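Have a look at target-v8.cif below; it lists mmCIF, C-alpha atoms.
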data_structure
#
loop_
_atom_site.group_PDB
_atom_site.id
_atom_site.type_symbol
_atom_site.label_atom_id
_atom_site.label_comp_id
_atom_site.auth_asym_id
_atom_site.auth_seq_id
_atom_site.Cartn_x
_atom_site.Cartn_y
_atom_site.Cartn_z
ATOM 1 C CA MET A 1 118.506 147.013 61.349
ATOM 2 C CA GLY A 2 117.664 145.959 64.852
ATOM 3 C CA ASP A 3 116.055 149.301 65.577
ATOM 4 C CA HIS A 4 112.663 149.365 67.239
ATOM 5 C CA VAL A 5 109.842 151.134 65.403
ATOM 6 C CA LYS A 6 106.166 151.757 66.017
ATOM 7 C CA GLY A 7 103.361 151.791 63.491
ATOM 8 C CA LYS A 8 99.775 150.980 62.633
ATOM 9 C CA VAL A 9 98.513 147.809 60.940
ATOM 10 C CA VAL A 10 97.006 148.893 57.616
ATOM 11 C CA VAL A 11 96.655 145.624 55.695
ATOM 12 C CA ILE A 12 96.463 142.073 57.014
ATOM 13 C CA ALA A 13 96.482 138.659 55.337
ATOM 14 C CA ASP A 14 97.063 135.061 56.418
ATOM 15 C CA TYR A 15 100.789 135.290 55.625
ATOM 16 C CA GLY A 16 101.430 138.572 57.440
ATOM 17 C CA ALA A 17 100.591 142.204 58.170
ATOM 18 C CA PHE A 18 101.685 145.520 56.606
ATOM 19 C CA VAL A 19 102.508 148.195 59.137
ATOM 20 C CA GLU A 20 102.695 151.885 58.284
ATOM 21 C CA ILE A 21 105.588 153.433 60.176
ATOM 22 C CA ALA A 22 105.373 156.869 58.571
ATOM 23 C CA PRO A 23 103.333 158.340 55.709
ATOM 24 C CA GLY A 24 104.337 156.300 52.620
ATOM 25 C CA VAL A 25 106.649 154.008 54.627
ATOM 26 C CA GLU A 26 105.408 150.481 55.277
ATOM 27 C CA GLY A 27 106.979 147.265 56.493
ATOM 28 C CA LEU A 28 105.851 143.647 56.373
ATOM 29 C CA ILE A 29 105.683 141.461 59.470
ATOM 30 C CA HIS A 30 105.600 137.899 58.140
ATOM 31 C CA VAL A 31 103.578 135.460 60.250
ATOM 32 C CA SER A 32 106.773 133.477 60.964
ATOM 33 C CA GLU A 33 108.179 136.590 62.673
ATOM 34 C CA MET A 34 105.170 136.988 64.961
ATOM 35 C CA SER A 35 105.917 134.041 67.243
ATOM 36 C CA TRP A 36 108.803 131.756 68.202
ATOM 37 C CA SER A 37 106.432 128.869 67.607
ATOM 38 C CA GLN A 38 107.246 126.690 64.599
ATOM 39 C CA HIS A 39 103.540 126.232 63.910
ATOM 40 C CA LEU A 40 102.659 128.814 61.286
ATOM 41 C CA ARG A 41 99.250 130.296 61.956
ATOM 42 C CA SER A 42 97.193 133.087 60.466
ATOM 43 C CA ALA A 43 98.400 136.628 61.119
ATOM 44 C CA GLN A 44 94.862 137.530 62.216
ATOM 45 C CA GLU A 45 95.463 135.503 65.395
ATOM 46 C CA PHE A 46 98.140 137.995 66.445
ATOM 47 C CA MET A 47 96.864 141.409 65.274
ATOM 48 C CA HIS A 48 94.120 143.279 63.454
ATOM 49 C CA VAL A 49 93.849 146.270 61.114
ATOM 50 C CA GLY A 50 94.167 149.492 63.112
ATOM 51 C CA ASP A 51 96.325 147.966 65.905
ATOM 52 C CA GLU A 52 99.278 150.013 67.076
ATOM 53 C CA VAL A 53 102.299 147.709 67.201
ATOM 54 C CA GLU A 54 105.969 147.871 68.065
ATOM 55 C CA ALA A 55 108.395 145.913 65.911
ATOM 56 C CA VAL A 56 112.067 145.351 65.178
ATOM 57 C CA ILE A 57 113.560 146.136 61.741
ATOM 58 C CA LEU A 58 114.982 142.891 60.282
ATOM 59 C CA THR A 59 115.891 143.908 56.707
ATOM 60 C CA LEU A 60 115.818 147.241 54.868
ATOM 61 C CA ASP A 61 116.057 147.834 51.108
ATOM 62 C CA ARG A 62 115.995 151.593 50.426
ATOM 63 C CA ASP A 63 116.081 151.220 46.643
ATOM 64 C CA GLU A 64 113.120 148.846 46.571
ATOM 65 C CA ARG A 65 111.550 150.711 49.468
ATOM 66 C CA LYS A 66 110.970 147.379 51.237
ATOM 67 C CA MET A 67 111.258 146.666 54.924
ATOM 68 C CA SER A 68 110.726 143.441 56.870
ATOM 69 C CA LEU A 69 109.788 143.611 60.522
ATOM 70 C CA GLY A 70 109.457 141.216 63.412
ATOM 71 C CA ILE A 71 107.638 141.278 66.728
ATOM 72 C CA LYS A 72 108.812 137.959 68.219
ATOM 73 C CA GLN A 73 112.263 139.516 68.582
ATOM 74 C CA LEU A 74 110.804 141.754 71.313
ATOM 75 C CA LYS A 75 110.643 138.598 73.443
ATOM 76 C CA GLU A 76 113.519 136.322 74.361
ATOM 77 C CA ASP A 77 113.814 133.173 72.267
ATOM 78 C CA PRO A 78 112.853 130.460 74.803
ATOM 79 C CA TRP A 79 115.355 128.050 73.246
ATOM 80 C CA GLU A 80 118.295 130.277 74.164
ATOM 81 C CA THR A 81 117.925 129.253 77.806
ATOM 82 C CA ILE A 82 115.845 126.085 77.387
ATOM 83 C CA GLU A 83 117.983 124.098 79.867
ATOM 84 C CA VAL A 84 117.174 126.614 82.598
ATOM 85 C CA LYS A 85 113.374 126.572 82.376
ATOM 86 C CA TYR A 86 112.963 122.985 81.140
ATOM 87 C CA PRO A 87 115.854 120.948 82.543
ATOM 88 C CA VAL A 88 115.864 117.169 82.121
ATOM 89 C CA GLY A 89 113.731 115.649 84.882
ATOM 90 C CA SER A 90 111.551 118.736 85.398
ATOM 91 C CA LYS A 91 107.750 118.358 85.416
ATOM 92 C CA HIS A 92 105.324 120.552 83.468
ATOM 93 C CA THR A 93 101.803 120.745 82.075
ATOM 94 C CA ALA A 94 101.541 120.826 78.278
ATOM 95 C CA LYS A 95 98.748 121.236 75.741
ATOM 96 C CA VAL A 96 98.045 118.460 73.217
ATOM 97 C CA ARG A 97 98.464 119.820 69.674
ATOM 98 C CA ASN A 98 98.167 116.759 67.432
ATOM 99 C CA PHE A 99 98.746 113.017 67.114
ATOM 100 C CA THR A 100 100.840 110.691 64.998
ATOM 101 C CA ASN A 101 100.965 106.886 65.020
ATOM 102 C CA PHE A 102 104.103 107.042 67.174
ATOM 103 C CA GLY A 103 103.223 109.723 69.708
ATOM 104 C CA ILE A 104 101.680 113.013 70.816
ATOM 105 C CA PHE A 105 102.983 116.475 69.911
ATOM 106 C CA VAL A 106 102.437 118.977 72.705
ATOM 107 C CA GLU A 107 103.195 122.645 73.352
ATOM 108 C CA LEU A 108 104.582 123.704 76.740
ATOM 109 C CA GLU A 109 104.508 127.391 75.847
ATOM 110 C CA GLU A 110 104.526 129.382 72.636
ATOM 111 C CA GLY A 111 107.661 128.298 70.773
ATOM 112 C CA VAL A 112 108.430 125.268 72.936
ATOM 113 C CA ASP A 113 107.186 121.974 71.529
ATOM 114 C CA GLY A 114 107.700 118.429 72.685
ATOM 115 C CA LEU A 115 106.943 114.846 71.703
ATOM 116 C CA ILE A 116 105.620 112.138 74.002
ATOM 117 C CA HIS A 117 106.449 108.822 72.363
ATOM 118 C CA ILE A 118 103.649 106.245 72.488
ATOM 119 C CA SER A 119 105.860 103.963 74.614
ATOM 120 C CA ASP A 120 106.176 106.703 77.250
ATOM 121 C CA LEU A 121 102.441 107.163 77.826
ATOM 122 C CA SER A 122 101.741 104.285 80.212
ATOM 123 C CA TRP A 123 103.633 101.595 82.134
ATOM 124 C CA THR A 124 100.790 99.094 81.888
ATOM 125 C CA LYS A 125 98.196 100.119 79.291
ATOM 126 C CA LYS A 126 98.845 98.906 75.737
ATOM 127 C CA VAL A 127 98.100 102.031 73.678
ATOM 128 C CA LYS A 128 97.447 101.179 70.009
ATOM 129 C CA HIS A 129 97.068 104.830 68.952
ATOM 130 C CA PRO A 130 97.773 107.969 71.045
ATOM 131 C CA SER A 131 94.266 109.329 70.384
ATOM 132 C CA GLU A 132 92.973 106.565 72.702
ATOM 133 C CA PHE A 133 94.903 108.132 75.561
ATOM 134 C CA THR A 134 93.898 111.807 75.372
ATOM 135 C CA GLN A 135 92.349 114.349 73.000
ATOM 136 C CA GLN A 136 93.479 117.354 71.017
ATOM 137 C CA GLY A 137 93.468 120.566 73.051
ATOM 138 C CA ALA A 138 93.567 118.716 76.379
ATOM 139 C CA GLU A 139 96.231 119.303 79.014
ATOM 140 C CA ILE A 140 98.659 116.557 79.935
ATOM 141 C CA ASP A 141 101.327 116.366 82.634
ATOM 142 C CA VAL A 142 104.821 115.587 81.370
ATOM 143 C CA VAL A 143 108.414 115.194 82.484
ATOM 144 C CA VAL A 144 111.382 116.273 80.318
ATOM 145 C CA LEU A 145 113.435 113.276 79.182
ATOM 146 C CA GLU A 146 115.769 114.841 76.623
ATOM 147 C CA ILE A 147 116.542 118.242 75.059
ATOM 148 C CA ASP A 148 117.181 118.550 71.293
ATOM 149 C CA LYS A 149 118.243 122.178 71.036
ATOM 150 C CA GLU A 150 119.284 121.980 67.397
ATOM 151 C CA ASN A 151 115.839 120.820 66.234
ATOM 152 C CA ARG A 152 114.075 122.842 68.931
ATOM 153 C CA ARG A 153 112.194 119.891 70.369
ATOM 154 C CA LEU A 154 111.889 118.203 73.753
ATOM 155 C CA SER A 155 111.461 114.482 74.316
ATOM 156 C CA LEU A 156 108.821 114.113 77.004
ATOM 157 C CA GLY A 157 107.328 111.313 79.064
ATOM 158 C CA HIS A 158 104.027 110.887 80.880
ATOM 159 C CA LYS A 159 104.403 107.478 82.540
ATOM 160 C CA GLN A 160 107.622 108.640 84.228
ATOM 161 C CA LEU A 161 105.513 110.764 86.585
ATOM 162 C CA GLU A 162 104.643 107.502 88.383
ATOM 163 C CA ASP A 163 106.788 104.704 89.760
ATOM 164 C CA ASN A 164 107.249 101.737 87.475
ATOM 165 C CA PRO A 165 104.758 99.113 88.768
ATOM 166 C CA TRP A 166 106.771 96.379 87.030
ATOM 167 C CA ASP A 167 109.328 96.696 89.815
ATOM 168 C CA THR A 168 106.586 95.512 92.186
ATOM 169 C CA TYR A 169 105.180 92.956 89.728
ATOM 170 C CA GLU A 170 108.613 91.349 89.525
ATOM 171 C CA THR A 171 108.435 90.368 93.198
ATOM 172 C CA LEU A 172 104.704 89.554 93.068
ATOM 173 C CA TYR A 173 104.277 87.454 89.927
ATOM 174 C CA THR A 174 107.022 84.923 90.453
ATOM 175 C CA PRO A 175 106.817 81.771 88.285
ATOM 176 C CA GLY A 176 104.675 79.167 90.044
ATOM 177 C CA SER A 177 102.669 81.664 92.094
ATOM 178 C CA VAL A 178 98.862 81.647 91.764
ATOM 179 C CA HIS A 179 96.734 84.794 91.361
ATOM 180 C CA THR A 180 93.133 85.699 90.631
ATOM 181 C CA GLY A 181 92.355 87.406 87.350
ATOM 182 C CA LYS A 182 89.489 88.279 85.020
ATOM 183 C CA ILE A 183 89.430 87.480 81.309
ATOM 184 C CA THR A 184 88.938 90.873 79.640
ATOM 185 C CA GLU A 185 89.590 89.995 76.010
ATOM 186 C CA LEU A 186 89.440 86.782 73.964
ATOM 187 C CA LEU A 187 91.656 86.505 70.890
ATOM 188 C CA ASP A 188 92.439 83.691 68.443
ATOM 189 C CA LYS A 189 95.802 83.161 70.098
ATOM 190 C CA GLY A 190 94.501 83.274 73.658
ATOM 191 C CA ALA A 191 93.114 85.615 76.285
ATOM 192 C CA VAL A 192 94.108 88.822 78.052
ATOM 193 C CA ILE A 193 93.704 88.552 81.816
ATOM 194 C CA ALA A 194 93.455 91.545 84.159
ATOM 195 C CA LEU A 195 95.125 90.459 87.379
ATOM 196 C CA ASN A 196 93.565 91.619 90.643
ATOM 197 C CA GLU A 197 96.888 92.875 92.012
ATOM 198 C CA GLY A 198 97.439 94.961 88.866
ATOM 199 C CA GLY A 199 98.769 94.462 85.369
ATOM 200 C CA GLU A 200 97.740 92.161 82.564
ATOM 201 C CA GLY A 201 98.736 88.631 81.666
ATOM 202 C CA PHE A 202 98.176 86.344 78.709
ATOM 203 C CA ALA A 203 97.080 82.700 78.444
ATOM 204 C CA THR A 204 96.998 80.510 75.320
ATOM 205 C CA PRO A 205 93.847 78.443 74.559
ATOM 206 C CA LYS A 206 95.268 75.184 75.973
ATOM 207 C CA HIS A 207 95.829 76.957 79.297
ATOM 208 C CA LEU A 208 92.231 78.201 79.392
ATOM 209 C CA VAL A 209 90.690 74.728 79.676
ATOM 210 C CA LYS A 210 88.737 74.383 82.927
ATOM 211 C CA GLU A 211 88.562 71.313 85.178
ATOM 212 C CA ASP A 212 85.258 70.212 83.640
ATOM 213 C CA GLY A 213 86.832 70.279 80.164
ATOM 214 C CA THR A 214 85.097 73.463 78.965
ATOM 215 C CA GLN A 215 86.906 76.569 77.709
ATOM 216 C CA ALA A 216 87.059 79.677 79.911
ATOM 217 C CA GLN A 217 85.046 82.602 78.534
ATOM 218 C CA GLN A 218 85.361 86.388 78.556
ATOM 219 C CA GLY A 219 84.287 87.963 81.836
ATOM 220 C CA GLU A 220 85.122 84.892 83.951
ATOM 221 C CA GLU A 221 87.210 85.371 87.073
ATOM 222 C CA LEU A 222 89.526 82.433 87.712
ATOM 223 C CA GLU A 223 92.775 81.474 89.353
ATOM 224 C CA PHE A 224 95.884 81.522 87.186
ATOM 225 C CA LYS A 225 99.363 80.167 87.736
ATOM 226 C CA VAL A 226 102.322 82.235 86.492
ATOM 227 C CA ILE A 227 104.303 80.245 83.922
ATOM 228 C CA GLU A 228 106.662 83.014 82.793
ATOM 229 C CA PHE A 229 107.488 86.599 83.811
ATOM 230 C CA VAL A 230 109.657 88.835 81.604
ATOM 231 C CA LYS A 231 110.051 92.385 82.932
ATOM 232 C CA GLU A 232 111.893 93.754 79.879
ATOM 233 C CA THR A 233 109.067 92.922 77.475
ATOM 234 C CA LYS A 234 106.315 93.353 80.105
ATOM 235 C CA ARG A 235 105.097 89.815 79.584
ATOM 236 C CA ILE A 236 103.235 87.644 82.092
ATOM 237 C CA ILE A 237 102.267 84.212 80.742
ATOM 238 C CA LEU A 238 99.518 82.506 82.739
ATOM 239 C CA SER A 239 97.711 79.159 82.947
ATOM 240 C CA HIS A 240 94.414 78.288 84.561
ATOM 241 C CA SER A 241 94.693 74.588 83.637
ATOM 242 C CA ARG A 242 97.868 74.130 85.629
ATOM 243 C CA THR A 243 96.195 75.272 88.829
ATOM 244 C CA PHE A 244 94.237 71.986 88.981
ATOM 245 C CA GLU A 245 96.355 69.689 86.777
ATOM 246 C CA GLU A 246 99.430 70.026 88.958
ATOM 247 C CA ALA A 247 97.313 69.769 92.097
ATOM 248 C CA LYS A 248 96.024 66.385 90.872
ATOM 249 C CA GLU A 249 99.565 65.208 90.185
ATOM 250 C CA GLU A 250 100.569 66.136 93.730
ATOM 251 C CA GLN A 251 97.612 64.156 95.174
ATOM 252 C CA LYS A 252 98.541 60.923 93.389
ATOM 253 C CA PRO A 253 100.270 58.359 95.685
ATOM 254 C CA ALA A 254 103.965 58.108 95.026
ATOM 255 C CA ARG A 255 105.024 55.010 93.113
ATOM 256 C CA LYS A 256 106.935 52.384 95.129
ATOM 257 C CA PRO A 257 110.400 51.525 93.798
ATOM 258 C CA ARG A 258 110.367 48.289 91.761
ATOM 259 C CA GLN A 259 111.529 45.256 93.736
ATOM 260 C CA PRO A 260 113.477 42.544 91.899
ATOM 261 C CA LYS A 261 111.684 39.164 91.580
ATOM 262 C CA LYS A 262 112.769 36.437 93.956
ATOM 263 C CA GLU A 263 113.897 34.081 91.192
ATOM 264 C CA GLU A 264 116.053 36.685 89.439
ATOM 265 C CA THR A 265 118.999 36.550 91.851
ATOM 266 C CA PRO A 266 119.434 32.766 92.004
ATOM 267 C CA VAL A 267 119.079 32.454 88.205
ATOM 268 C CA ILE A 268 121.932 34.874 87.684
ATOM 269 C CA ASN A 269 124.026 33.119 90.299
ATOM 270 C CA ASN A 270 123.275 29.706 88.776
ATOM 271 C CA VAL A 271 124.339 30.895 85.335
ATOM 272 C CA ALA A 272 127.534 32.266 86.750
ATOM 273 C CA ALA A 273 128.092 29.104 88.765
ATOM 274 C CA GLY A 274 127.357 26.827 85.774
ATOM 275 C CA THR A 275 129.781 28.686 83.591
ATOM 276 C CA THR A 276 132.481 28.386 86.213
ATOM 277 C CA LEU A 277 131.972 24.600 86.679
ATOM 278 C CA GLY A 278 132.028 24.051 82.927
ATOM 279 C CA ASP A 279 135.357 25.764 82.672
ATOM 280 C CA ILE A 280 136.746 23.560 85.444
ATOM 281 C CA ASP A 281 135.543 20.305 83.710
ATOM 282 C CA ALA A 282 137.153 21.331 80.411
ATOM 283 C CA LEU A 283 140.471 22.051 82.107
ATOM 284 C CA ALA A 284 140.365 18.728 83.926
ATOM 285 C CA GLU A 285 139.721 16.825 80.672
ATOM 286 C CA LEU A 286 142.584 18.650 78.911
ATOM 287 C CA LYS A 287 144.901 17.825 81.810
ATOM 288 C CA ALA A 288 144.003 14.099 81.643
ATOM 289 C CA LYS A 289 144.736 13.949 77.888
ATOM 290 C CA MET A 290 148.133 15.587 78.420
ATOM 291 C CA GLU A 291 149.046 13.108 81.108
ATOM 292 C CA LYS A 292 148.241 10.167 78.724
ATOM 293 C CA GLY A 293 150.508 11.782 76.161
ATOM 294 C CA GLU A 294 147.724 12.460 73.695
#

Would you kindly transcribe this structure into structure tokens?
Amino acid sequence: MGDHVKGKVVVIADYGAFVEIAPGVEGLIHVSEMSWSQHLRSAQEFMHVGDEVEAVILTLDRDERKMSLGIKQLKEDPWETIEVKYPVGSKHTAKVRNFTNFGIFVELEEGVDGLIHISDLSWTKKVKHPSEFTQQGAEIDVVVLEIDKENRRLSLGHKQLEDNPWDTYETLYTPGSVHTGKITELLDKGAVIALNEGGEGFATPKHLVKEDGTQAQQGEELEFKVIEFVKETKRIILSHSRTFEEAKEEQKPARKPRQPKKEETPVINNVAAGTTLGDIDALAELKAKMEKGE
């Protein structure tokens, strides 16, 4: 076993190909031994009847006159040195194989697969399903985030090829600042606003009321005040109403501090004075009775 042999493909099926090595001596190359890829395909994609092939003997049963062969063993298993060709942080171009609800499976080369999680597709775009982002068979640029050698899979990212714009948004969309944005989507709970400087914000219905009392509509471009900015959850809460409500409050004349009424001070003093005089009269009367011996 391990020896290299040459032969001719005499029979082929989806699951593999029979190769005649010598008259009356045949070996089977199973489709799983034709490529390091974990995606089983039809043997016809690799060879045809009449092809001269070289293979490696994997198992040999002389009594049963059975032999299993492999051709992928003629090439180095890419996962043996995966850290060398695909180190963490390296950038590559991959081919989209298929989609799931949580991400995109791609192939960097035959035998090397990777997954781009849906959260690693875009910094700003809310992707509901990966098929919205690209299509099967298309090429996509990726960066290696993590290597899972045991399961022969790479964790990949696409958005990491660009700087995180939320670092800039953090300094731009400070609470209280006013920015221009366009309402791109109206929902029951509010509206999605595309801000001119980049990124999206959200405003609830009560914050979409305009100065004339009407409700802002989809497609309108208005000014919005930032109420809340949360970088971790990529949330920008906006209000159009506050741009004019607070301006009105600022224009109102400041209230003068309340002045006490003129009669208040003397009334208080008189009460205090009256109480004091009453006490003095009572003491004087008590003193007079004591002097009379009562």

Task: Output check: residues returned by the PyMOL selection byres ((chain A and resi 66) around 12), as number ranges by chain - done: A: 18-20, 24-29, 57-65, 67-69

TODO: Might you pull out every residue within 10 Å of region 72-89 of chain A, with all atoms listed in the file counted and same-chain residues fewer than 2 positions away left off, and present them as a ChimeraX atom specification?
DONE: /A:2,4,29,31-37,54-58,69-70,91-92,108-112,142-150,152-157,160-161

Task: Who sits within 8 Å of region 226-243 of chain A, all atoms listed in the file, same chain under 5 positions skipped, as a PyMOL selection string - done: chain A and resi 166+170+173-179+200-204+206-211

Keeping only C-alpha atoms, write those residues as a PDB file, keeping the file's coordinate frame.
ATOM      1  CA  TRP A 166     106.771  96.379  87.030  1.00  0.00           C
ATOM      2  CA  GLU A 170     108.613  91.349  89.525  1.00  0.00           C
ATOM      3  CA  TYR A 173     104.277  87.454  89.927  1.00  0.00           C
ATOM      4  CA  THR A 174     107.022  84.923  90.453  1.00  0.00           C
ATOM      5  CA  PRO A 175     106.817  81.771  88.285  1.00  0.00           C
ATOM      6  CA  GLY A 176     104.675  79.167  90.044  1.00  0.00           C
ATOM      7  CA  SER A 177     102.669  81.664  92.094  1.00  0.00           C
ATOM      8  CA  VAL A 178      98.862  81.647  91.764  1.00  0.00           C
ATOM      9  CA  HIS A 179      96.734  84.794  91.361  1.00  0.00           C
ATOM     10  CA  GLU A 200      97.740  92.161  82.564  1.00  0.00           C
ATOM     11  CA  GLY A 201      98.736  88.631  81.666  1.00  0.00           C
ATOM     12  CA  PHE A 202      98.176  86.344  78.709  1.00  0.00           C
ATOM     13  CA  ALA A 203      97.080  82.700  78.444  1.00  0.00           C
ATOM     14  CA  THR A 204      96.998  80.510  75.320  1.00  0.00           C
ATOM     15  CA  LYS A 206      95.268  75.184  75.973  1.00  0.00           C
ATOM     16  CA  HIS A 207      95.829  76.957  79.297  1.00  0.00           C
ATOM     17  CA  LEU A 208      92.231  78.201  79.392  1.00  0.00           C
ATOM     18  CA  VAL A 209      90.690  74.728  79.676  1.00  0.00           C
ATOM     19  CA  LYS A 210      88.737  74.383  82.927  1.00  0.00           C
ATOM     20  CA  GLU A 211      88.562  71.313  85.178  1.00  0.00           C
TER      21      GLU A 211
END

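What the PyMOL selection byres ((chain A and resi 124) around 8) grabs from this file is Ser122, Trp123, Lys125, Lys126, Pro165, Gly199 and Glu200 of chain A.
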
Open item on the list: Please list, as a VMD selection string, the residues that have an atom at most 12 Å away from (100.6, 112.5, 69.4) in the coordinates of this file, counting all atoms listed in the file.
Closed with: chain A and resid 95 to 107 113 to 121 127 to 138 140 156 to 157

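What separates CA of Gly7 (chain A) from CA of Glu45 (chain A) is a distance of 18.2 Å.
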
Box dimensions and centre (Å, one decimal) enclosing region 168-186 of chain A, axis-aligned, 3 Å extra per side, as lines of an AutoDock Vina configuration file:
center_x = 98.8
center_y = 87.3
center_z = 83.6
size_x = 25.7
size_y = 22.3
size_z = 25.2

Open item on the list: Just the number, please: distance in Å from CA of His48 (chain A) to CA of Glu139 (chain A), one decimal.
Closed with: 28.7 Å

Task: Gap from CA of His39 (chain A) to CA of Gly16 (chain A) - Å, one decimal - done: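 Separating CA of His39 (chain A) from CA of Gly16 (chain A) is a distance of 14.1 Å.
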
TODO: List the neighbours of Gly50 (chain A) out to 10 Å using all atoms listed in the file; skip same-chain residues closer than 3 positions along the sequence, and give me the result as a list in words.
DONE: Gly7, Lys8, Val9, Val10, Val11, Ile12, Val19, Met47 and Val53 of chain A

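Each of A:Tyr169, A:Lys159, A:Asp14, A:Lys6 was checked against Asp51 (chain A) using all atoms listed in the file; the smallest atom-to-atom distance is that of A:Lys6.
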
- [ ] Rank nothing, just name the residue among A:Pro23, A:Gly181, A:Gly198, A:Gly213 nearest to Lys225 (chain A), using only C-alpha atoms.
- [x]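 Checking each candidate against Lys225 (chain A), we get A:Gly181 as the closest.
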
- [ ] Check what the PyMOL selection byres ((chain A and resi 185) around 10) selects in the file above and give those residues as a list in words.
- [x]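 Written out, the selection comes to Lys182, Ile183, Thr184, Leu186, Leu187, Gly190, Ala191, Val192, Ile193, Ala194, Phe202, Gln217, Gln218 and Gly219 of chain A.
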
Selection to disk with C-alpha atoms, as a PDB file, in the frame of the given file:
ATOM      1  CA  LYS A 182      89.489  88.279  85.020  1.00  0.00           C
ATOM      2  CA  ILE A 183      89.430  87.480  81.309  1.00  0.00           C
ATOM      3  CA  THR A 184      88.938  90.873  79.640  1.00  0.00           C
ATOM      4  CA  LEU A 186      89.440  86.782  73.964  1.00  0.00           C
ATOM      5  CA  LEU A 187      91.656  86.505  70.890  1.00  0.00           C
ATOM      6  CA  GLY A 190      94.501  83.274  73.658  1.00  0.00           C
ATOM      7  CA  ALA A 191      93.114  85.615  76.285  1.00  0.00           C
ATOM      8  CA  VAL A 192      94.108  88.822  78.052  1.00  0.00           C
ATOM      9  CA  ILE A 193      93.704  88.552  81.816  1.00  0.00           C
ATOM     10  CA  ALA A 194      93.455  91.545  84.159  1.00  0.00           C
ATOM     11  CA  PHE A 202      98.176  86.344  78.709  1.00  0.00           C
ATOM     12  CA  GLN A 217      85.046  82.602  78.534  1.00  0.00           C
ATOM     13  CA  GLN A 218      85.361  86.388  78.556  1.00  0.00           C
ATOM     14  CA  GLY A 219      84.287  87.963  81.836  1.00  0.00           C
TER      15      GLY A 219
END
